[in-house]
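Asker: Structure supplied as target-v8.txt; contents: compact mmCIF, C-alpha atoms.
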```txt
# COMPACT_ATOMS: atom_id res chain seq x y z
CA MET A 1 133.39 142.66 107.80
CA ASN A 2 132.91 145.13 104.94
CA VAL A 3 129.58 146.20 103.39
CA GLU A 4 129.75 143.65 100.55
CA GLU A 5 130.28 140.75 102.93
CA SER A 6 127.49 141.98 105.19
CA ARG A 7 125.17 142.24 102.19
CA ALA A 8 126.00 138.64 101.10
CA TRP A 9 125.25 137.31 104.59
CA PHE A 10 122.05 139.33 104.75
CA ILE A 11 120.88 137.92 101.38
CA PHE A 12 121.80 134.39 102.46
CA GLY A 13 119.82 134.77 105.71
CA SER A 14 116.80 136.15 103.85
CA LEU A 15 116.85 133.28 101.32
CA ALA A 16 117.06 130.75 104.16
CA LEU A 17 114.02 132.37 105.78
CA ILE A 18 112.17 132.34 102.43
CA LEU A 19 112.96 128.64 102.00
CA LEU A 20 111.67 127.94 105.50
CA VAL A 21 108.42 129.75 104.81
CA ALA A 22 108.00 128.00 101.42
CA THR A 23 108.57 124.50 102.87
CA PRO A 24 104.88 123.68 103.58
CA THR A 25 103.92 124.60 100.02
CA LEU A 26 106.86 122.69 98.52
CA GLY A 27 105.82 119.70 100.63
CA LEU A 28 102.46 119.65 98.86
CA PHE A 29 104.03 119.23 95.43
CA VAL A 30 107.34 117.47 96.01
CA ARG A 31 106.87 113.81 96.90
CA LEU A 32 109.84 111.88 98.19
CA PRO A 33 110.03 108.29 96.92
CA ASP A 34 108.65 105.73 99.40
CA VAL A 35 111.39 103.15 99.92
CA SER A 36 109.66 101.09 102.63
CA ASP A 37 108.87 97.40 101.99
CA LYS A 38 105.33 96.58 100.84
CA PHE A 39 104.04 93.28 102.10
CA SER A 40 101.26 91.40 103.87
CA GLU A 41 101.62 89.25 106.98
CA PHE A 42 99.51 86.16 107.50
CA TRP A 43 99.43 83.90 110.56
CA LEU A 44 97.28 81.56 112.60
CA LEU A 45 96.56 81.67 116.31
CA GLY A 46 95.22 78.90 118.50
CA PRO A 47 91.98 79.04 120.48
CA GLY A 48 93.51 81.24 123.21
CA ARG A 49 94.63 83.79 120.58
CA LYS A 50 98.20 82.61 121.10
CA ALA A 51 100.66 80.96 118.75
CA GLY A 52 100.16 77.55 120.35
CA ASN A 53 97.61 74.93 121.37
CA TYR A 54 96.51 74.48 117.78
CA PRO A 55 93.91 71.71 117.45
CA PHE A 56 95.67 68.45 116.68
CA ASN A 57 93.78 65.42 117.98
CA ILE A 58 90.37 65.96 116.43
CA VAL A 59 87.33 63.99 117.46
CA VAL A 60 84.24 63.81 115.26
CA ASN A 61 81.35 66.05 116.35
CA GLU A 62 83.56 68.24 118.56
CA ILE A 63 83.99 71.95 117.80
CA TYR A 64 87.50 73.42 117.50
CA GLN A 65 88.65 76.91 116.70
CA VAL A 66 91.57 78.88 115.31
CA TYR A 67 92.10 82.51 114.34
CA ALA A 68 93.39 83.58 110.94
CA CYS A 69 95.10 86.98 111.05
CA VAL A 70 96.21 89.32 108.26
CA GLU A 71 98.32 92.45 108.61
CA ASN A 72 98.55 94.96 105.79
CA HIS A 73 101.78 96.86 105.03
CA LEU A 74 100.98 97.62 101.40
CA GLY A 75 100.54 101.38 101.74
CA TYR A 76 96.82 101.28 100.88
CA SER A 77 93.68 99.52 102.11
CA ALA A 78 93.76 95.98 100.79
CA TYR A 79 91.04 93.53 99.76
CA TYR A 80 92.09 90.02 100.77
CA ARG A 81 90.40 86.70 100.15
CA VAL A 82 91.39 83.71 102.26
CA LEU A 83 90.75 80.23 100.88
CA VAL A 84 90.61 77.41 103.41
CA LYS A 85 91.71 74.06 101.98
CA PHE A 86 91.90 70.57 103.39
CA ARG A 87 94.30 67.88 102.26
CA ASN A 88 95.81 64.55 103.16
CA GLN A 89 99.54 63.90 103.34
CA SER A 90 99.92 63.23 99.63
CA GLN A 91 97.88 66.10 98.19
CA PRO A 92 99.70 69.23 96.97
CA LEU A 93 100.43 72.38 98.93
CA PRO A 94 101.07 75.77 97.28
CA VAL A 95 104.56 76.14 95.82
CA GLY A 96 106.40 79.09 97.30
CA SER A 97 109.24 79.15 94.78
CA ASN A 98 106.97 80.00 91.84
CA SER A 99 104.01 81.53 93.72
CA THR A 100 101.64 78.77 92.65
CA ARG A 101 98.48 78.09 94.61
CA SER A 102 97.40 74.61 95.54
CA PRO A 103 95.09 73.11 92.89
CA LEU A 104 92.79 71.74 95.61
CA PRO A 105 89.34 73.33 95.83
CA ALA A 106 88.54 75.62 98.76
CA ILE A 107 86.21 74.19 101.37
CA TYR A 108 85.59 77.64 102.80
CA GLU A 109 86.52 81.21 101.97
CA PHE A 110 86.18 84.65 103.43
CA ASN A 111 86.95 88.22 102.40
CA ILE A 112 88.76 90.76 104.55
CA PHE A 113 89.35 94.45 103.92
CA VAL A 114 92.30 95.80 105.93
CA ARG A 115 93.48 99.41 106.12
CA ASP A 116 97.19 100.14 105.70
CA GLY A 117 98.97 99.22 108.91
CA GLY A 118 95.88 97.44 110.23
CA VAL A 119 95.36 93.87 111.40
CA ALA A 120 92.23 91.80 110.77
CA GLU A 121 91.36 88.64 112.61
CA LYS A 122 88.82 85.98 111.66
CA LEU A 123 87.60 83.27 114.00
CA LEU A 124 87.11 79.88 112.37
CA ARG A 125 85.07 77.29 114.22
CA PHE A 126 85.12 73.89 112.64
CA GLU A 127 83.67 70.48 113.35
CA ILE A 128 84.09 67.18 111.54
CA ILE A 129 80.56 65.92 111.06
CA ASP A 130 80.68 62.78 108.99
CA VAL A 131 83.54 60.30 108.48
CA ILE A 132 83.74 56.74 107.24
CA CYS A 133 86.58 54.82 108.75
CA SER A 134 88.09 51.41 108.14
CA ASP A 135 91.32 49.95 109.48
CA THR A 136 93.45 51.56 106.82
CA ILE A 137 91.40 54.35 105.24
CA MET A 138 89.42 57.25 106.61
CA THR A 139 87.14 59.40 104.47
CA VAL A 140 85.95 62.74 105.76
CA ASN A 141 82.64 63.38 104.05
CA LYS A 142 81.33 66.50 105.70
CA MET A 143 82.43 69.17 108.13
CA SER A 144 81.18 72.53 109.26
CA ILE A 145 83.25 75.69 109.17
CA ASN A 146 81.53 78.68 110.73
CA GLU A 147 78.17 78.89 108.95
CA ALA A 148 79.09 76.57 106.06
CA THR A 149 78.84 72.78 105.85
CA PRO A 150 80.98 71.82 102.89
CA THR A 151 81.07 68.32 101.44
CA ILE A 152 84.68 67.13 101.45
CA ASN A 153 85.20 63.50 100.36
CA GLY A 154 88.80 63.60 101.60
CA SER A 155 90.47 60.26 102.18
CA ALA A 156 93.61 59.54 104.14
CA THR A 157 95.42 56.27 104.66
CA TRP A 158 96.58 55.04 108.06
CA ASN A 159 99.96 56.44 108.96
CA ALA A 160 101.69 53.67 110.88
CA GLU A 161 104.64 55.88 111.85
CA GLY A 162 102.51 58.65 113.28
CA ASN A 163 99.80 56.27 114.40
CA GLY A 164 96.83 58.18 112.97
CA PHE A 165 94.88 59.53 110.00
CA PHE A 166 96.53 62.86 109.24
CA TYR A 167 95.01 65.80 107.41
CA GLN A 168 96.08 69.38 107.05
CA PHE A 169 93.97 72.51 107.10
CA PHE A 170 95.77 75.24 105.20
CA PHE A 171 94.85 78.80 104.37
CA GLU A 172 95.88 80.62 101.18
CA LEU A 173 96.03 84.41 101.13
CA TRP A 174 94.79 86.05 97.93
CA LEU A 175 95.03 89.79 97.25
CA TYR A 176 92.85 91.87 94.92
CA ASN A 177 94.93 93.31 92.11
CA ALA A 178 93.25 96.47 90.79
CA THR A 179 95.37 96.44 87.62
CA VAL A 180 94.17 93.06 86.39
CA GLN A 181 90.89 93.31 88.35
CA ARG A 182 90.99 89.96 90.09
CA HIS A 183 92.34 88.28 93.20
CA ASP A 184 95.83 86.83 92.80
CA TYR A 185 97.48 84.31 95.08
CA ASN A 186 99.76 86.33 97.37
CA ASN A 187 102.29 83.53 97.87
CA ARG A 188 101.44 83.20 101.55
CA PHE A 189 99.87 80.23 103.23
CA VAL A 190 99.65 78.89 106.75
CA GLY A 191 98.25 75.64 108.08
CA PHE A 192 98.08 73.08 110.83
CA TRP A 193 97.97 69.29 110.92
CA VAL A 194 95.22 67.29 112.56
CA ASN A 195 94.86 63.66 113.48
CA ILE A 196 91.21 62.72 113.12
CA THR A 197 89.67 60.07 115.32
CA ALA A 198 86.24 58.68 114.48
CA MET B 1 26.53 59.42 78.97
CA LEU B 2 28.98 59.96 76.09
CA GLY B 3 29.61 63.53 77.28
CA LYS B 4 30.44 62.31 80.80
CA THR B 5 32.88 59.71 79.44
CA TRP B 6 34.49 62.41 77.29
CA VAL B 7 34.99 64.63 80.37
CA ILE B 8 36.57 61.75 82.32
CA LEU B 9 38.85 60.94 79.37
CA LYS B 10 39.87 64.57 79.10
CA PHE B 11 40.62 64.64 82.85
CA PHE B 12 42.82 61.54 82.61
CA PHE B 13 44.57 62.93 79.53
CA PHE B 14 45.55 66.12 81.37
CA LEU B 15 46.50 64.13 84.46
CA LEU B 16 48.81 61.93 82.39
CA LEU B 17 50.27 64.99 80.67
CA ALA B 18 50.90 66.64 84.02
CA VAL B 19 52.59 63.53 85.43
CA ALA B 20 54.73 63.17 82.31
CA LEU B 21 55.85 66.81 82.31
CA ALA B 22 56.30 67.26 86.06
CA PRO B 23 60.03 66.28 86.21
CA GLU B 24 60.77 68.55 83.24
CA ILE B 25 59.02 71.45 84.94
CA VAL B 26 60.88 70.87 88.21
CA VAL B 27 64.24 70.59 86.40
CA CYS B 28 63.55 73.82 84.48
CA ALA B 29 62.60 75.63 87.70
CA THR B 30 65.77 74.41 89.46
CA ALA B 31 67.97 75.32 86.51
CA ALA B 32 66.47 78.79 86.35
CA ASN B 33 67.02 79.17 90.06
CA GLU B 34 70.64 78.05 89.77
CA SER B 35 71.39 80.41 86.90
CA GLU B 36 69.68 83.24 88.78
CA ALA B 37 71.78 82.45 91.83
CA ALA B 38 74.98 82.36 89.75
CA SER B 39 74.09 85.66 88.14
CA ALA B 40 73.24 87.23 91.53
CA LEU B 41 76.54 85.98 92.91
CA ALA B 42 78.50 87.47 89.99
CA ASP B 43 76.66 90.78 90.41
CA ALA B 44 77.40 90.83 94.14
CA ASP B 45 81.09 90.10 93.53
CA ALA B 46 81.30 92.87 90.90
CA GLU B 47 79.46 95.33 93.15
CA LEU B 48 81.73 94.62 96.11
CA THR B 49 84.80 95.12 93.90
CA LEU B 50 83.41 98.41 92.59
CA ALA B 51 82.73 99.52 96.15
CA TYR B 52 86.31 98.63 97.14
CA LEU B 53 87.73 100.55 94.16
CA ALA B 54 85.59 103.58 95.09
CA VAL B 55 86.93 103.36 98.66
CA LEU B 56 90.51 103.18 97.32
CA LYS B 57 89.94 106.35 95.28
CA ALA B 58 88.47 108.11 98.32
CA GLU B 59 91.48 107.00 100.36
CA GLU B 60 93.89 108.29 97.70
CA ALA B 61 92.10 111.63 97.84
CA GLY B 62 92.85 111.74 101.56
CA ALA B 63 89.46 110.71 102.99
CA ASN B 64 89.17 108.72 106.23
CA VAL B 65 87.72 105.42 105.01
CA THR B 66 87.78 103.44 108.28
CA ARG B 67 83.98 103.34 108.54
CA LEU B 68 83.65 102.27 104.91
CA LEU B 69 86.10 99.40 105.45
CA VAL B 70 83.91 98.17 108.30
CA ARG B 71 80.91 98.15 105.94
CA LEU B 72 82.97 96.43 103.23
CA ASN B 73 83.92 93.72 105.72
CA GLU B 74 80.25 93.17 106.53
CA SER B 75 79.55 92.91 102.84
CA GLY B 76 82.50 90.56 102.35
CA VAL B 77 81.12 88.21 105.00
CA LEU B 78 77.77 88.13 103.20
CA LEU B 79 79.44 87.44 99.85
CA ALA B 80 81.46 84.57 101.33
CA ARG B 81 78.27 83.13 102.83
CA ALA B 82 76.54 83.49 99.46
CA ARG B 83 79.38 81.58 97.77
CA MET B 84 79.17 78.79 100.32
CA ALA B 85 75.38 78.66 99.98
CA TYR B 86 75.78 78.40 96.20
CA SER B 87 78.29 75.56 96.51
CA GLU B 88 75.76 73.74 98.71
CA ALA B 89 73.02 74.34 96.09
CA GLU B 90 71.03 76.62 98.39
CA PHE B 91 70.07 79.00 95.60
CA GLU B 92 67.37 81.00 97.38
CA GLU B 93 69.80 81.70 100.22
CA THR B 94 72.49 82.62 97.68
CA ILE B 95 70.20 85.14 95.99
CA ASN B 96 69.15 86.72 99.30
CA LEU B 97 72.73 87.04 100.51
CA ALA B 98 73.87 88.39 97.13
CA ILE B 99 71.13 91.04 97.21
CA SER B 100 72.26 92.13 100.70
CA THR B 101 75.87 92.28 99.46
CA VAL B 102 74.87 94.46 96.50
CA SER B 103 72.83 96.72 98.77
CA ILE B 104 75.82 97.40 101.05
CA GLY B 105 78.11 97.76 98.02
CA VAL B 106 75.91 100.45 96.49
CA GLU B 107 75.68 102.27 99.82
CA VAL B 108 79.48 102.15 100.27
CA GLN B 109 80.07 103.42 96.73
CA ALA B 110 77.79 106.42 97.27
CA GLU B 111 79.44 107.23 100.59
CA ALA B 112 82.93 106.80 99.08
CA VAL B 113 82.12 109.23 96.26
CA ARG B 114 80.78 111.74 98.82
CA LEU B 115 83.89 111.38 101.00
CA LYS B 116 86.18 111.68 97.98
CA THR B 117 84.50 114.89 96.84
CA ALA B 118 84.76 116.33 100.35
CA ALA B 119 88.41 115.26 100.63
CA VAL B 120 89.31 116.79 97.24
CA SER B 121 87.57 120.03 98.17
CA GLU B 122 89.38 120.11 101.54
CA SER B 123 92.66 119.33 99.83
CA VAL B 124 92.22 122.18 97.31
CA GLN B 125 91.38 124.56 100.16
CA ARG B 126 94.42 123.42 102.09
CA VAL B 127 96.70 123.88 99.06
CA MET B 128 95.28 127.34 98.39
CA LEU B 129 95.65 128.39 102.02
CA THR B 130 99.20 127.03 102.32
CA ALA B 131 100.28 128.52 98.99
CA THR B 132 98.75 131.91 99.83
CA ALA B 133 100.38 131.92 103.26
CA SER B 134 103.73 130.97 101.72
CA ILE B 135 103.55 133.61 98.99
CA PHE B 136 102.54 136.24 101.53
CA GLY B 137 105.35 135.14 103.83
CA ILE B 138 107.94 135.17 101.05
CA ALA B 139 106.84 138.65 99.93
CA LEU B 140 106.95 139.88 103.51
CA ILE B 141 110.45 138.49 104.06
CA ALA B 142 111.72 139.87 100.72
CA PHE B 143 110.33 143.36 101.24
CA GLY B 144 111.18 143.32 104.96
CA SER B 145 114.76 142.25 104.28
CA PHE B 146 115.14 144.92 101.59
CA TRP B 147 113.78 147.60 103.93
CA ILE B 148 115.93 146.48 106.85
CA TRP B 149 119.01 146.32 104.63
CA SER B 150 118.38 149.80 103.22
CA GLN B 151 117.89 151.17 106.76
CA LEU B 152 121.07 149.52 107.99
CA LYS B 153 122.99 150.72 104.99
CA LYS B 154 121.68 154.23 105.46
CA ARG B 155 122.75 154.30 109.12
CA TYR B 156 126.13 152.88 108.22
CA GLU B 157 126.68 155.50 105.55
CA GLU B 158 125.54 158.26 107.91
CA SER B 159 127.98 157.06 110.51
CA THR B 160 130.87 156.76 108.04
CA ILE B 161 130.46 160.05 106.05
CA PRO B 162 131.56 162.48 108.85
CA LYS B 163 134.67 160.35 109.42
CA SER B 164 135.66 160.61 105.79
CA ASN B 165 135.00 164.40 105.88
CA SER B 166 137.27 164.83 108.90
CA GLN B 167 139.86 162.63 107.23
CA ASP B 168 139.67 164.85 104.15
CA ALA B 169 140.04 167.94 106.36
CA PHE B 170 143.05 166.42 108.05
CA THR B 171 144.56 165.63 104.69
CA ASP B 172 143.90 169.19 103.50
CA GLU B 173 145.57 170.65 106.57
CA ARG B 174 148.66 168.51 105.94
```
Show this structure as structure tokens.

Answerer:
Amino acid sequence: MNVEESRAWFIFGSLALILLVATPTLGLFVRLPDVSDKFSEFWLLGPGRKAGNYPFNIVVNEIYQVYACVENHLGYSAYYRVLVKFRNQSQPLPVGSNSTRSPLPAIYEFNIFVRDGGVAEKLLRFEIIDVICSDTIMTVNKMSINEATPTINGSATWNAEGNGFFYQFFFELWLYNATVQRHDYNNRFVGFWVNITA
Amino acid sequence: MLGKTWVILKFFFFLLLAVALAPEIVVCATAANESEAASALADADAELTLAYLAVLKAEEAGANVTRLLVRLNESGVLLARARMAYSEAEFEETINLAISTVSIGVEVQAEAVRLKTAAVSESVQRVMLTATASIFGIALIAFGSFWIWSQLKKRYEESTIPKSNSQDAFTDER
């Protein structure tokens, strides 16, 4: 190896060392694009905090419970609002294909703030308080959900196939959008069916 | 006698007036209460949103906002309860819950601003320290490399010069 070659290698080694030393400072200014998926997860758990044993056969004046859980993978702390809705078999659900919420009013709602990567869980205890029932029609007038006692007026007709009056509790996930400064429906909903017995 | 009758008449007149106006007065009081509750609810919602946005800014600045999120969740529960109370026409309850929500919101905003300022200050210090250390390191490597290279070159030349002299001498002798 002659002097010129040695000098080239020496310069190369020095520059590599300089680059190594400058890396922490470069890291402060150079941001690599984040290519990870940004999304929220939303699910329900039964009374034993497991994905099963969801309340189905509901008796008036009995208390039942489920857990609504939200996991945040958005890259920042998120402000969620969950709307709890109640419907019979013919009333509309949200439409996933065009991100449209259900037009039904919420019977209960709650807000959750979740840090990035965090999971929040909300216990919902509900009880059907007042129903009017005939042979073919049941009307749920009032129920309690946690501390609230919303008036419902939800009617269902007798389902001869399923042998019951069927209703669905479903939960819509809404996310605060700082750009437009309001909560938008996040195109995620979960729910469970119940058969109410007077 | 006439004076006494006049007093009784006046009493009945005011009694009648009171009975006639009572529903109006009650309706007005309820309406005012409802509008107050609606306004309190809107204020609470706005305050909670402002608190959340302040927390987001603090988080972007690098602050640890875990404790603030806990407080926001407490505030969120109160706001949800206020909304439910409003939908059940419990306006006094709505106002009380909304006031509590606003109180936590204001507290969270103040804390978020404090954390953000601290985080920005820490971040600037960290940048300065890292940049200074890097510049110092680069200078050290550059000057060190130059010095080492010049020393090596010097030694190499010293070791090669006598050889060339002896070669020259050999050539001269030939």

Asker: Chain B near chain A within 7 Å: what's each residue's closest atom pair and its distance in Å to one decimal, counting only C-alpha atoms, ordered by chain then ascending residue number, as JSON lines?

Answerer:
```
{"residue": "B:Leu56", "atom": "CA", "partner": "A:Ser77", "partner_atom": "CA", "distance": 6.8}
{"residue": "B:Leu69", "atom": "CA", "partner": "A:Phe113", "partner_atom": "CA", "distance": 6.1}
{"residue": "B:Leu72", "atom": "CA", "partner": "A:Phe113", "partner_atom": "CA", "distance": 6.7}
{"residue": "B:Asn73", "atom": "CA", "partner": "A:Phe113", "partner_atom": "CA", "distance": 5.8}
{"residue": "B:Gly76", "atom": "CA", "partner": "A:Asn111", "partner_atom": "CA", "distance": 5.0}
{"residue": "B:Val77", "atom": "CA", "partner": "A:Phe110", "partner_atom": "CA", "distance": 6.4}
{"residue": "B:Ala80", "atom": "CA", "partner": "A:Phe110", "partner_atom": "CA", "distance": 5.2}
{"residue": "B:Met84", "atom": "CA", "partner": "A:Ala148", "partner_atom": "CA", "distance": 6.2}
{"residue": "B:Glu88", "atom": "CA", "partner": "A:Pro150", "partner_atom": "CA", "distance": 7.0}
{"residue": "B:Thr130", "atom": "CA", "partner": "A:Thr25", "partner_atom": "CA", "distance": 5.8}
{"residue": "B:Ala131", "atom": "CA", "partner": "A:Thr25", "partner_atom": "CA", "distance": 5.4}
{"residue": "B:Ser134", "atom": "CA", "partner": "A:Ala22", "partner_atom": "CA", "distance": 5.2}
{"residue": "B:Gly137", "atom": "CA", "partner": "A:Val21", "partner_atom": "CA", "distance": 6.3}
{"residue": "B:Ile138", "atom": "CA", "partner": "A:Ile18", "partner_atom": "CA", "distance": 5.3}
{"residue": "B:Ile141", "atom": "CA", "partner": "A:Ile18", "partner_atom": "CA", "distance": 6.6}
{"residue": "B:Ser145", "atom": "CA", "partner": "A:Ser14", "partner_atom": "CA", "distance": 6.4}
```

Asker: Axis-aligned box over every listed atom of stretch 152-155 of chain A, padded by 4 Å per side: centre and edges in Å to one decimal, as lines of an AutoDock Vina configuration file?

Answerer:
```
center_x = 87.6
center_y = 63.7
center_z = 101.3
size_x = 13.8
size_y = 14.9
size_z = 9.8
```

Asker: Could you pull the residues within 9 Å of B:Leu50, counting only C-alpha atoms, minus those fewer than 6 positions along the same chain, as a list of chain:residue names?

Answerer: B:Gly105, B:Val106, B:Gln109

Asker: For atom CA of A:Asn57 and atom CA of A:Leu123, quote the distance in Å rounded to one decimal.

Answerer: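 Between atom CA of A:Asn57 and atom CA of A:Leu123 the gap works out to 19.3 Å.
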
Asker: Near A:Thr157, counting all atoms listed in the file, which residues have an atom at most 7 Å away, once you skip same-chain residues fewer than 5 positions from it, shown as a list in words?

Answerer: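 The contact residues come out as Thr136, Ile137, Met138 and Phe165 of chain A.
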
Asker: In Å to one decimal, how far is atom CA of A:Val119 from atom CA of A:Lys50?

Answerer: 15.1 Å

Asker: What does the structure give for the distance between atom CA of A:Phe189 and atom CA of A:Leu173, in Å to one decimal?

Answerer: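 Distance reported for this atom pair: 6.1 Å.
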
Asker: Quick one: residues within 7 Å of B:Thr94, all atoms listed in the file counted, chain neighbours fewer than 3 positions away excluded, as a ChimeraX atom specification?

Answerer: /B:37,82-83,85-86,90-91,97-98

Asker: From the options A:Leu93, A:Glu4, A:Glu121, A:Ala16, which residue's atoms come nearest to A:Arg49, counting all atoms listed in the file?

Answerer: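 Checking each candidate against A:Arg49, we get A:Glu121 as the closest.
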
Asker: Using all atoms listed in the file, which residues sit within 8 Å of A:His73 once same-chain residues fewer than 3 positions away are excluded, as a ChimeraX atom specification?

Answerer: /A:37-41,76,116-118

Asker: Which neighbours of A:Phe56 fall inside 8 Å, counting only C-alpha atoms, when residues of the same chain fewer than 4 positions from it are skipped, and could you give them as a list in words?

Answerer: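 That gives Phe192, Trp193, Val194 and Asn195 of chain A.
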
Asker: Out of A:Asn153, A:Gly46, A:Leu74, A:Trp9, which residue has the shortest atom-to-atom distance to A:Asn177 when counting all atoms listed in the file?

Answerer: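 Looking only at the distances to A:Asn177, the closest residue turns out to be A:Leu74.
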
Asker: With N, CA and C atoms as the goal, would you fill in the gaps in stretch 142-161 of chain B and present it as a short mmCIF file (atom, residue, chain, number, x, y, z; two decimals), in the coordinates of the input?

Answerer:
```
data_model
loop_
_atom_site.label_atom_id
_atom_site.label_comp_id
_atom_site.auth_asym_id
_atom_site.auth_seq_id
_atom_site.Cartn_x
_atom_site.Cartn_y
_atom_site.Cartn_z
N ALA B 142 110.93 139.18 101.75
CA ALA B 142 111.72 139.87 100.72
C ALA B 142 111.69 141.38 100.93
N PHE B 143 110.45 141.91 101.07
CA PHE B 143 110.33 143.36 101.24
C PHE B 143 110.92 143.80 102.59
N GLY B 144 110.66 143.01 103.62
CA GLY B 144 111.18 143.32 104.96
C GLY B 144 112.70 143.34 104.96
N SER B 145 113.30 142.33 104.34
CA SER B 145 114.76 142.25 104.28
C SER B 145 115.33 143.46 103.54
N PHE B 146 114.67 143.79 102.40
CA PHE B 146 115.14 144.92 101.59
C PHE B 146 115.08 146.21 102.40
N TRP B 147 113.98 146.37 103.14
CA TRP B 147 113.78 147.60 103.93
C TRP B 147 114.81 147.65 105.07
N ILE B 148 114.98 146.51 105.74
CA ILE B 148 115.93 146.48 106.85
C ILE B 148 117.35 146.75 106.34
N TRP B 149 117.67 146.12 105.20
CA TRP B 149 119.01 146.32 104.63
C TRP B 149 119.23 147.79 104.26
N SER B 150 118.20 148.39 103.62
CA SER B 150 118.38 149.80 103.22
C SER B 150 118.52 150.70 104.45
N GLN B 151 117.78 150.38 105.52
CA GLN B 151 117.89 151.17 106.76
C GLN B 151 119.28 151.02 107.38
N LEU B 152 119.74 149.77 107.42
CA LEU B 152 121.07 149.52 107.99
C LEU B 152 122.17 150.22 107.19
N LYS B 153 121.98 150.12 105.87
CA LYS B 153 122.99 150.72 104.99
C LYS B 153 123.03 152.25 105.17
N LYS B 154 121.79 152.78 105.28
CA LYS B 154 121.68 154.23 105.46
C LYS B 154 122.40 154.68 106.75
N ARG B 155 122.14 153.97 107.83
CA ARG B 155 122.75 154.30 109.12
C ARG B 155 124.27 154.18 109.05
N TYR B 156 124.69 153.12 108.35
CA TYR B 156 126.13 152.88 108.22
C TYR B 156 126.79 154.02 107.45
N GLU B 157 126.11 154.41 106.36
CA GLU B 157 126.68 155.50 105.55
C GLU B 157 126.71 156.81 106.34
N GLU B 158 125.61 157.02 107.10
CA GLU B 158 125.54 158.26 107.91
C GLU B 158 126.66 158.29 108.94
N SER B 159 126.93 157.09 109.48
CA SER B 159 127.98 157.06 110.51
C SER B 159 129.37 157.13 109.90
N THR B 160 129.53 156.75 108.65
CA THR B 160 130.87 156.76 108.04
C THR B 160 131.19 158.05 107.31
N ILE B 161 130.20 158.82 106.83
CA ILE B 161 130.46 160.05 106.05
C ILE B 161 131.23 161.12 106.85
#
```
